[in-house]
Every structure is written in C-alpha cells, then in structure tokens.
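Undergrad: As input, take data_32.tsv (TSV, C-alpha atoms):
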```tsv
chain	number	residue	atom	x	y	z
A	1284	MET	CA	-35.09	-55.14	-13.96
A	1285	ASN	CA	-38.66	-53.94	-13.67
A	1286	SER	CA	-39.45	-50.73	-15.57
A	1287	ILE	CA	-41.14	-49.19	-12.51
A	1288	VAL	CA	-37.93	-49.70	-10.53
A	1289	ILE	CA	-35.91	-47.93	-13.24
A	1290	LEU	CA	-38.37	-45.01	-13.28
A	1291	ASN	CA	-38.24	-44.81	-9.48
A	1292	THR	CA	-34.44	-44.73	-9.56
A	1293	LEU	CA	-34.38	-41.99	-12.18
A	1294	VAL	CA	-36.85	-39.85	-10.21
A	1295	ILE	CA	-34.87	-40.30	-6.99
A	1296	ILE	CA	-31.64	-39.34	-8.79
A	1297	ALA	CA	-33.43	-36.23	-10.14
A	1298	ILE	CA	-34.59	-35.34	-6.61
A	1299	ILE	CA	-31.04	-35.63	-5.25
A	1300	VAL	CA	-29.46	-33.68	-8.14
A	1301	SER	CA	-31.96	-30.81	-7.93
A	1302	ALA	CA	-31.62	-30.70	-4.13
A	1303	ILE	CA	-27.82	-30.44	-4.44
A	1304	LEU	CA	-28.24	-27.73	-7.10
A	1305	THR	CA	-30.51	-25.81	-4.69
A	1306	VAL	CA	-27.63	-25.55	-2.24
A	1307	LYS	CA	-24.85	-25.02	-4.80
A	1308	PHE	CA	-26.34	-22.17	-6.90
A	1309	ASP	CA	-24.91	-18.72	-6.21
A	1310	ASN	CA	-27.86	-16.87	-7.71
A	1311	LEU	CA	-30.74	-17.01	-5.22
A	1312	LEU	CA	-33.46	-16.95	-7.90
A	1313	SER	CA	-31.93	-20.01	-9.58
A	1314	SER	CA	-31.81	-21.65	-6.17
A	1315	ILE	CA	-35.53	-21.04	-5.61
A	1316	ILE	CA	-36.38	-22.47	-9.04
A	1317	ALA	CA	-34.27	-25.55	-8.28
A	1318	LEU	CA	-36.26	-25.90	-5.04
A	1319	ALA	CA	-39.50	-25.82	-7.04
A	1320	VAL	CA	-38.11	-28.52	-9.36
A	1321	THR	CA	-37.29	-30.61	-6.28
A	1322	GLY	CA	-40.89	-30.22	-5.10
A	1323	SER	CA	-42.26	-31.33	-8.47
A	1324	PHE	CA	-40.07	-34.44	-8.54
A	1325	VAL	CA	-41.03	-35.29	-4.95
A	1326	ALA	CA	-44.71	-35.05	-5.97
A	1327	LEU	CA	-44.01	-37.40	-8.91
A	1328	GLU	CA	-42.30	-39.85	-6.55
A	1329	PHE	CA	-45.33	-39.76	-4.22
A	1330	ILE	CA	-47.56	-40.68	-7.19
A	1331	LEU	CA	-45.22	-43.57	-8.07
A	1332	LEU	CA	-45.42	-44.80	-4.47
A	1333	HIS	CA	-49.28	-44.82	-4.66
A	1334	ALA	CA	-49.90	-41.83	-2.40
A	1335	PRO	CA	-51.95	-39.46	-4.60
A	1336	ASP	CA	-53.33	-37.73	-1.52
A	1337	VAL	CA	-49.90	-36.52	-0.41
A	1338	ALA	CA	-48.87	-35.85	-4.02
A	1339	ILE	CA	-51.64	-33.26	-4.52
A	1340	ALA	CA	-50.60	-31.40	-1.36
A	1341	GLU	CA	-46.91	-31.58	-2.27
A	1342	ALA	CA	-47.54	-30.36	-5.83
A	1343	ALA	CA	-49.63	-27.43	-4.61
A	1344	VAL	CA	-47.41	-26.39	-1.70
A	1345	GLY	CA	-43.93	-27.47	-2.82
A	1346	ALA	CA	-44.08	-26.52	-6.48
A	1347	VAL	CA	-46.31	-23.41	-6.47
A	1348	LEU	CA	-46.91	-21.85	-3.07
A	1349	SER	CA	-43.54	-21.86	-1.31
A	1350	PRO	CA	-41.50	-20.74	-4.39
A	1351	VAL	CA	-43.92	-17.84	-4.89
A	1352	ILE	CA	-43.54	-16.80	-1.26
A	1353	PHE	CA	-39.73	-17.18	-1.50
A	1354	ILE	CA	-39.60	-15.09	-4.69
A	1355	ILE	CA	-41.71	-12.35	-3.08
A	1356	THR	CA	-39.41	-12.37	-0.04
A	1357	LEU	CA	-36.31	-12.23	-2.25
A	1358	LYS	CA	-37.69	-9.27	-4.19
A	1359	LYS	CA	-38.55	-7.47	-0.95
A	1360	VAL	CA	-35.08	-8.07	0.51
A	1361	LYS	CA	-33.38	-6.78	-2.65
A	1362	GLU	CA	-35.50	-3.61	-2.54
A	1363	GLY	CA	-34.33	-2.98	1.01
A	1364	LYS	CA	-30.67	-3.31	0.01
A	1365	GLU	CA	-30.90	-0.59	-2.63
A	1366	ARG	CA	-32.35	2.02	-0.28
B	712	MET	CA	-48.34	8.11	-13.86
B	713	MET	CA	-47.09	6.96	-17.24
B	714	LYS	CA	-44.52	4.74	-15.57
B	715	GLY	CA	-47.17	3.10	-13.41
B	716	LYS	CA	-49.30	2.41	-16.48
B	717	ASN	CA	-46.40	0.80	-18.34
B	718	ARG	CA	-45.73	-1.46	-15.39
B	719	GLN	CA	-49.24	-2.92	-15.62
B	720	VAL	CA	-48.92	-3.95	-19.25
B	721	LYS	CA	-47.80	-7.51	-18.72
B	722	ASP	CA	-46.50	-9.92	-21.27
B	723	VAL	CA	-49.15	-11.40	-23.59
B	724	ILE	CA	-47.97	-14.93	-22.95
B	725	VAL	CA	-48.20	-14.61	-19.17
B	726	LYS	CA	-51.65	-13.00	-19.41
B	727	THR	CA	-52.98	-15.70	-21.75
B	728	ALA	CA	-51.56	-18.47	-19.56
B	729	ALA	CA	-53.20	-16.91	-16.49
B	730	ASP	CA	-56.55	-16.70	-18.34
B	731	PHE	CA	-56.23	-20.33	-19.37
B	732	PHE	CA	-55.10	-21.87	-16.09
B	733	THR	CA	-57.18	-19.91	-13.54
B	734	PRO	CA	-60.53	-21.65	-14.35
B	735	ILE	CA	-58.79	-25.04	-14.38
B	736	ALA	CA	-57.27	-24.42	-10.94
B	737	LEU	CA	-60.61	-23.19	-9.56
B	738	VAL	CA	-62.68	-26.10	-10.92
B	739	LEU	CA	-60.12	-28.74	-9.87
B	740	GLY	CA	-59.80	-27.18	-6.41
B	741	PHE	CA	-63.54	-27.06	-5.77
B	742	TYR	CA	-63.91	-30.62	-7.13
B	743	ILE	CA	-61.26	-31.87	-4.71
B	744	ILE	CA	-62.89	-30.06	-1.76
B	745	LEU	CA	-66.38	-31.37	-2.63
B	746	HIS	CA	-65.28	-34.97	-3.23
B	747	GLY	CA	-62.85	-35.05	-0.31
B	748	HIS	CA	-64.45	-38.12	1.29
B	749	LEU	CA	-64.55	-40.14	-1.96
B	750	SER	CA	-61.36	-39.46	-3.92
B	751	PRO	CA	-57.75	-38.58	-3.02
B	752	GLY	CA	-57.34	-35.15	-1.52
B	753	GLY	CA	-59.52	-33.24	0.88
B	754	GLY	CA	-60.14	-29.84	2.33
B	755	PHE	CA	-56.51	-28.76	2.64
B	756	GLN	CA	-55.37	-29.86	-0.83
B	757	GLY	CA	-58.33	-28.32	-2.64
B	758	GLY	CA	-58.11	-25.12	-0.61
B	759	VAL	CA	-54.45	-24.64	-1.49
B	760	LEU	CA	-55.26	-25.26	-5.18
B	761	VAL	CA	-58.03	-22.64	-5.15
B	762	ALA	CA	-55.76	-20.17	-3.33
B	763	SER	CA	-53.04	-20.62	-5.95
B	764	ALA	CA	-55.50	-19.15	-8.48
B	765	VAL	CA	-54.91	-15.81	-6.70
B	766	VAL	CA	-51.24	-16.06	-7.66
B	767	LEU	CA	-52.22	-16.71	-11.29
B	768	ILE	CA	-54.51	-13.65	-11.35
B	769	TYR	CA	-51.72	-11.56	-9.82
B	770	LEU	CA	-49.18	-12.78	-12.40
B	771	GLY	CA	-51.53	-11.93	-15.25
B	772	TYR	CA	-53.08	-8.65	-14.17
B	773	GLY	CA	-50.99	-7.09	-11.39
B	774	TYR	CA	-51.78	-6.01	-7.84
B	775	ASN	CA	-54.27	-3.28	-8.74
B	776	GLU	CA	-56.80	-5.66	-10.30
B	777	VAL	CA	-56.40	-8.22	-7.51
B	778	SER	CA	-56.94	-5.70	-4.72
B	779	LYS	CA	-60.03	-4.37	-6.52
B	780	LYS	CA	-61.58	-7.85	-6.66
B	781	PHE	CA	-60.90	-9.04	-3.08
B	782	ASN	CA	-61.81	-7.36	0.20
B	783	MET	CA	-59.22	-8.30	2.84
B	784	GLU	CA	-61.50	-7.70	5.87
B	785	ILE	CA	-64.26	-10.00	4.58
B	786	ILE	CA	-61.70	-12.72	3.79
B	787	LYS	CA	-60.27	-12.46	7.31
B	788	LYS	CA	-63.74	-12.87	8.88
B	789	ASN	CA	-64.61	-15.79	6.57
B	790	GLU	CA	-61.54	-17.70	7.75
B	791	ALA	CA	-62.88	-17.62	11.31
B	792	LEU	CA	-66.27	-18.70	9.93
B	793	GLY	CA	-64.68	-21.87	8.55
B	794	ALA	CA	-63.24	-22.77	11.96
B	795	ILE	CA	-66.59	-22.09	13.67
B	796	LEU	CA	-68.46	-24.28	11.15
B	797	PHE	CA	-65.99	-27.14	11.73
B	798	THR	CA	-66.49	-26.90	15.49
B	799	VAL	CA	-70.28	-26.77	15.12
B	800	PHE	CA	-70.29	-29.96	13.03
B	801	GLY	CA	-68.08	-31.55	15.69
B	802	LEU	CA	-70.42	-30.44	18.49
B	803	ALA	CA	-73.39	-31.92	16.60
B	804	GLY	CA	-71.88	-35.27	17.52
B	805	ILE	CA	-72.33	-34.48	21.24
B	806	ILE	CA	-75.90	-33.26	20.79
B	807	TYR	CA	-77.25	-35.98	18.45
B	808	GLY	CA	-74.79	-38.79	19.11
B	809	SER	CA	-72.56	-39.67	21.99
B	810	VAL	CA	-69.12	-37.97	21.82
B	811	PHE	CA	-67.32	-35.14	20.02
B	812	PHE	CA	-66.95	-35.74	16.23
B	813	THR	CA	-69.51	-38.56	16.12
B	814	ASN	CA	-70.88	-39.03	12.61
B	815	VAL	CA	-74.53	-38.06	12.77
B	816	PHE	CA	-76.33	-38.83	9.46
B	817	ALA	CA	-74.18	-41.83	8.66
B	818	ASN	CA	-76.79	-44.08	7.01
B	819	ILE	CA	-77.93	-41.95	4.06
B	820	GLY	CA	-77.25	-42.92	0.45
B	821	ASN	CA	-75.21	-45.69	-1.13
B	822	VAL	CA	-71.47	-46.14	-0.74
B	823	GLY	CA	-69.71	-43.97	-3.32
B	824	ASP	CA	-72.45	-41.35	-3.64
B	825	LEU	CA	-71.67	-37.69	-3.03
B	826	ILE	CA	-74.06	-37.51	-0.04
B	827	SER	CA	-73.26	-40.76	1.72
B	828	SER	CA	-70.90	-39.88	4.52
B	829	GLY	CA	-73.00	-37.88	6.97
B	830	THR	CA	-71.29	-34.88	8.53
B	831	ILE	CA	-67.81	-35.89	7.30
B	832	MET	CA	-68.48	-34.15	3.97
B	833	PHE	CA	-69.55	-30.91	5.65
B	834	MET	CA	-66.52	-30.96	7.95
B	835	ASN	CA	-64.31	-31.47	4.90
B	836	ASN	CA	-66.00	-28.55	3.16
B	837	SER	CA	-65.52	-26.25	6.15
B	838	VAL	CA	-61.83	-27.19	6.37
B	839	GLY	CA	-61.54	-26.41	2.65
B	840	TYR	CA	-63.27	-23.05	3.16
B	841	LYS	CA	-60.92	-22.16	6.02
B	842	VAL	CA	-57.78	-23.14	4.08
B	843	LEU	CA	-58.95	-21.37	0.91
B	844	THR	CA	-59.58	-18.11	2.74
B	845	GLY	CA	-56.52	-18.43	5.01
B	846	VAL	CA	-53.95	-19.19	2.32
B	847	GLY	CA	-55.61	-16.71	-0.05
B	848	PHE	CA	-55.33	-14.03	2.65
B	849	LEU	CA	-51.65	-14.93	3.20
B	850	ILE	CA	-50.91	-14.60	-0.53
B	851	LEU	CA	-52.82	-11.32	-0.79
B	852	LEU	CA	-50.82	-10.01	2.19
B	853	MET	CA	-47.50	-11.02	0.62
B	854	ILE	CA	-48.22	-9.52	-2.82
B	855	GLY	CA	-49.53	-6.41	-1.07
B	856	LEU	CA	-46.04	-5.99	0.46
B	857	LEU	CA	-44.56	-6.27	-3.01
B	858	ALA	CA	-46.76	-3.64	-4.66
B	859	PRO	CA	-45.22	-0.21	-5.26
B	860	ASP	CA	-46.41	2.56	-2.97
B	861	ASN	CA	-48.32	4.49	-5.63
B	862	GLU	CA	-50.55	1.48	-6.35
B	863	LYS	CA	-51.73	0.99	-2.76
```
Let me see whether you can do it: turn the structure in this file into structure tokens.
TA:
Amino acid sequence: MNSIVILNTLVIIAIIVSAILTVKFDNLLSSIIALAVTGSFVALEFILLHAPDVAIAEAAVGAVLSPVIFIITLKKVKEGKER
Amino acid sequence: MMKGKNRQVKDVIVKTAADFFTPIALVLGFYIILHGHLSPGGGFQGGVLVASAVVLIYLGYGYNEVSKKFNMEIIKKNEALGAILFTVFGLAGIIYGSVFFTNVFANIGNVGDLISSGTIMFMNNSVGYKVLTGVGFLILLMIGLLAPDNEK
C-alpha cells in the first residue's frame, strides 16, 4: 500500500476518534480541547488533499479562534452559576 | 488592589511563548494578506491570523495591557473603511472598464510579480483589513466580557 494512503487513513482515524471524544467527555473544558484537536487534524487532512488554501483558514479558525471563544463562553457561564 | 496585581502576574512560560509567537503570527498574517493573489491564502486567512495575535497578547499580559493598546471605537470605524475600500475598487471597474468588478490595471508587470494583478491585489488587501479589524474587534469584545469589573 502507498505510504500516503496509510498516512491519510491514520489522520482520518484520528479525526473520527477526537470527534467522538468531543461528544463523550463529561468535562466541558476537555471537550473543547478535543474539538481543537479535531480542527488541527482536519487542517492536516486538507494539506494532504492538496488544499493549502482551506488548510490555513481551518487551522486559524478551527484550532485557535473557535476554542478560544468557546473557553471564554464557558468561563462566563460558570461565573453566572456561582452568583 | 493586591489581589488584582497578583492576578496580572502570569506564568513565565506563557508570557515567553506569547512574546515569541506574536511577531511570527503578525508577519505570517501580513505576508498572506499581501501575497493573496500569488500564494495560497488571501484576505480572510491572513486577517484571521493577524487577529489571533490579539489572543496571544491577552494570554501573555492580561486584559489591562490589551485595552490600553487598542481603541475599540477606532477599530469599529476601520472595519467599515475596509468594506468601503472594497466597494470603491469594485466601482472602479464600472468607471474605467465595463462592469462591476472589472480588473482595471490588468497588464502591469510580469506574471508572478507582487504588482501584476491590477486591482485584485488591492481588493484582497481591503478584505484582509476588514477581517483583521472585524475579528480583532470580536475577540476584544469577548475578552472584555471576561475581565473582572475592577479592571474595566
């Protein structure tokens, strides 16, 4: 089997596993970090499929921007619960 | 007062990492915006990269430093300026060419040069400016919600 095919398969398995972990985690912070890991692996898969244009956007939005916004929202929601 | 001061003393590792990665994010973002018509990426991708530098500065130095460096009103007006610039470069196609979004100075330079694509490059730059200010404003708004009341 071609080595690129093996790498593709491994990355797709990593995407699926981290996406399942995102749903299964009880702790919401762990869930958000698993979502960021999913975004990083999706960006890697875009690079493997020769779409660097989409990969840059996915890496910036999926791995940095949306987890930061989710973490800020989570912190804000937890503050409201204590009051 | 003492408690607020202790909150600002961040971890050395996080501060050093923010110092190290902020210039890289800024240079890479502006490179991607400027070379949007030549290499992968464009206005949106570079703008988001530049705006993520705000997150790095916040992680390293806290909300007080960030709010001192950026004026929210000016950022809000500059976002509209990006949209206006994009529309003006589109309308230049009607005035100098035939239809909306016609490329005006298309025959300058060799293929692969920085200035070789006419108004496409300037439209890309204005999209990058709009995204950089818009996403940066969004992030500033979100971390402003997170800041404790005594730091506002």
Undergrad: Please find the residues of chain A near chain B - the criterion being any atom within 12 Å, counting all atoms listed in the file - and write them as a PyMOL selection string.
TA: chain A and resi 1330+1333-1363
Undergrad: What's the 12 Å shell around Leu1318 in chain A, counting only C-alpha atoms, without same-chain residues fewer than 2 positions away, as a PDB file with C-alpha atoms, keeping the file's coordinate frame?
TA:
```pdb
ATOM      1  CA  ALA A1297     -33.430 -36.230 -10.140  1.00  0.00           C
ATOM      2  CA  ILE A1298     -34.590 -35.340  -6.610  1.00  0.00           C
ATOM      3  CA  ILE A1299     -31.040 -35.630  -5.250  1.00  0.00           C
ATOM      4  CA  VAL A1300     -29.460 -33.680  -8.140  1.00  0.00           C
ATOM      5  CA  SER A1301     -31.960 -30.810  -7.930  1.00  0.00           C
ATOM      6  CA  ALA A1302     -31.620 -30.700  -4.130  1.00  0.00           C
ATOM      7  CA  ILE A1303     -27.820 -30.440  -4.440  1.00  0.00           C
ATOM      8  CA  LEU A1304     -28.240 -27.730  -7.100  1.00  0.00           C
ATOM      9  CA  THR A1305     -30.510 -25.810  -4.690  1.00  0.00           C
ATOM     10  CA  VAL A1306     -27.630 -25.550  -2.240  1.00  0.00           C
ATOM     11  CA  LYS A1307     -24.850 -25.020  -4.800  1.00  0.00           C
ATOM     12  CA  PHE A1308     -26.340 -22.170  -6.900  1.00  0.00           C
ATOM     13  CA  LEU A1311     -30.740 -17.010  -5.220  1.00  0.00           C
ATOM     14  CA  LEU A1312     -33.460 -16.950  -7.900  1.00  0.00           C
ATOM     15  CA  SER A1313     -31.930 -20.010  -9.580  1.00  0.00           C
ATOM     16  CA  SER A1314     -31.810 -21.650  -6.170  1.00  0.00           C
ATOM     17  CA  ILE A1315     -35.530 -21.040  -5.610  1.00  0.00           C
ATOM     18  CA  ILE A1316     -36.380 -22.470  -9.040  1.00  0.00           C
ATOM     19  CA  VAL A1320     -38.110 -28.520  -9.360  1.00  0.00           C
ATOM     20  CA  THR A1321     -37.290 -30.610  -6.280  1.00  0.00           C
ATOM     21  CA  GLY A1322     -40.890 -30.220  -5.100  1.00  0.00           C
ATOM     22  CA  SER A1323     -42.260 -31.330  -8.470  1.00  0.00           C
ATOM     23  CA  PHE A1324     -40.070 -34.440  -8.540  1.00  0.00           C
ATOM     24  CA  VAL A1325     -41.030 -35.290  -4.950  1.00  0.00           C
ATOM     25  CA  VAL A1344     -47.410 -26.390  -1.700  1.00  0.00           C
ATOM     26  CA  GLY A1345     -43.930 -27.470  -2.820  1.00  0.00           C
ATOM     27  CA  ALA A1346     -44.080 -26.520  -6.480  1.00  0.00           C
ATOM     28  CA  VAL A1347     -46.310 -23.410  -6.470  1.00  0.00           C
ATOM     29  CA  LEU A1348     -46.910 -21.850  -3.070  1.00  0.00           C
ATOM     30  CA  SER A1349     -43.540 -21.860  -1.310  1.00  0.00           C
ATOM     31  CA  PRO A1350     -41.500 -20.740  -4.390  1.00  0.00           C
ATOM     32  CA  VAL A1351     -43.920 -17.840  -4.890  1.00  0.00           C
ATOM     33  CA  PHE A1353     -39.730 -17.180  -1.500  1.00  0.00           C
ATOM     34  CA  ILE A1354     -39.600 -15.090  -4.690  1.00  0.00           C
TER      35      ILE A1354
END
```
Undergrad: What is the CA of Ala803 in chain B-CA of Phe848 in chain B distance in Å, reported with one decimal?
TA: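 Computing the Euclidean distance for CA of Ala803 in chain B and CA of Phe848 in chain B yields 29.0 Å.
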Undergrad: Could you check how far CA of Asp730 in chain B sits from CA of Leu767 in chain B, in Å to one decimal?
TA: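 It comes out at 8.3 Å.
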Undergrad: Rank nothing, just name the residue among B:Gly847, B:Tyr807, B:Asp722, B:Phe800 nearest to Ile785 in chain B, using all atoms listed in the file.
TA: B:Gly847
Undergrad: In Å, with one decimal, what is the gap from CA of Asn782 in chain B to CA of Val738 in chain B?
TA: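 Separating CA of Asn782 in chain B from CA of Val738 in chain B is a distance of 21.8 Å.
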Undergrad: Can you pull out the residues contacting Ile1287 in chain A? Cut-off 12 Å, using all atoms listed in the file, and skip same-chain residues under 2 positions away; I want them as a list of chain:residue names.
TA: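 Contacts, in chain order: A:Met1284, A:Asn1285, A:Ile1289, A:Leu1290, A:Asn1291, A:Thr1292, A:Leu1293, A:Val1294, A:Glu1328, A:Ile1330, A:Leu1331, A:Leu1332.
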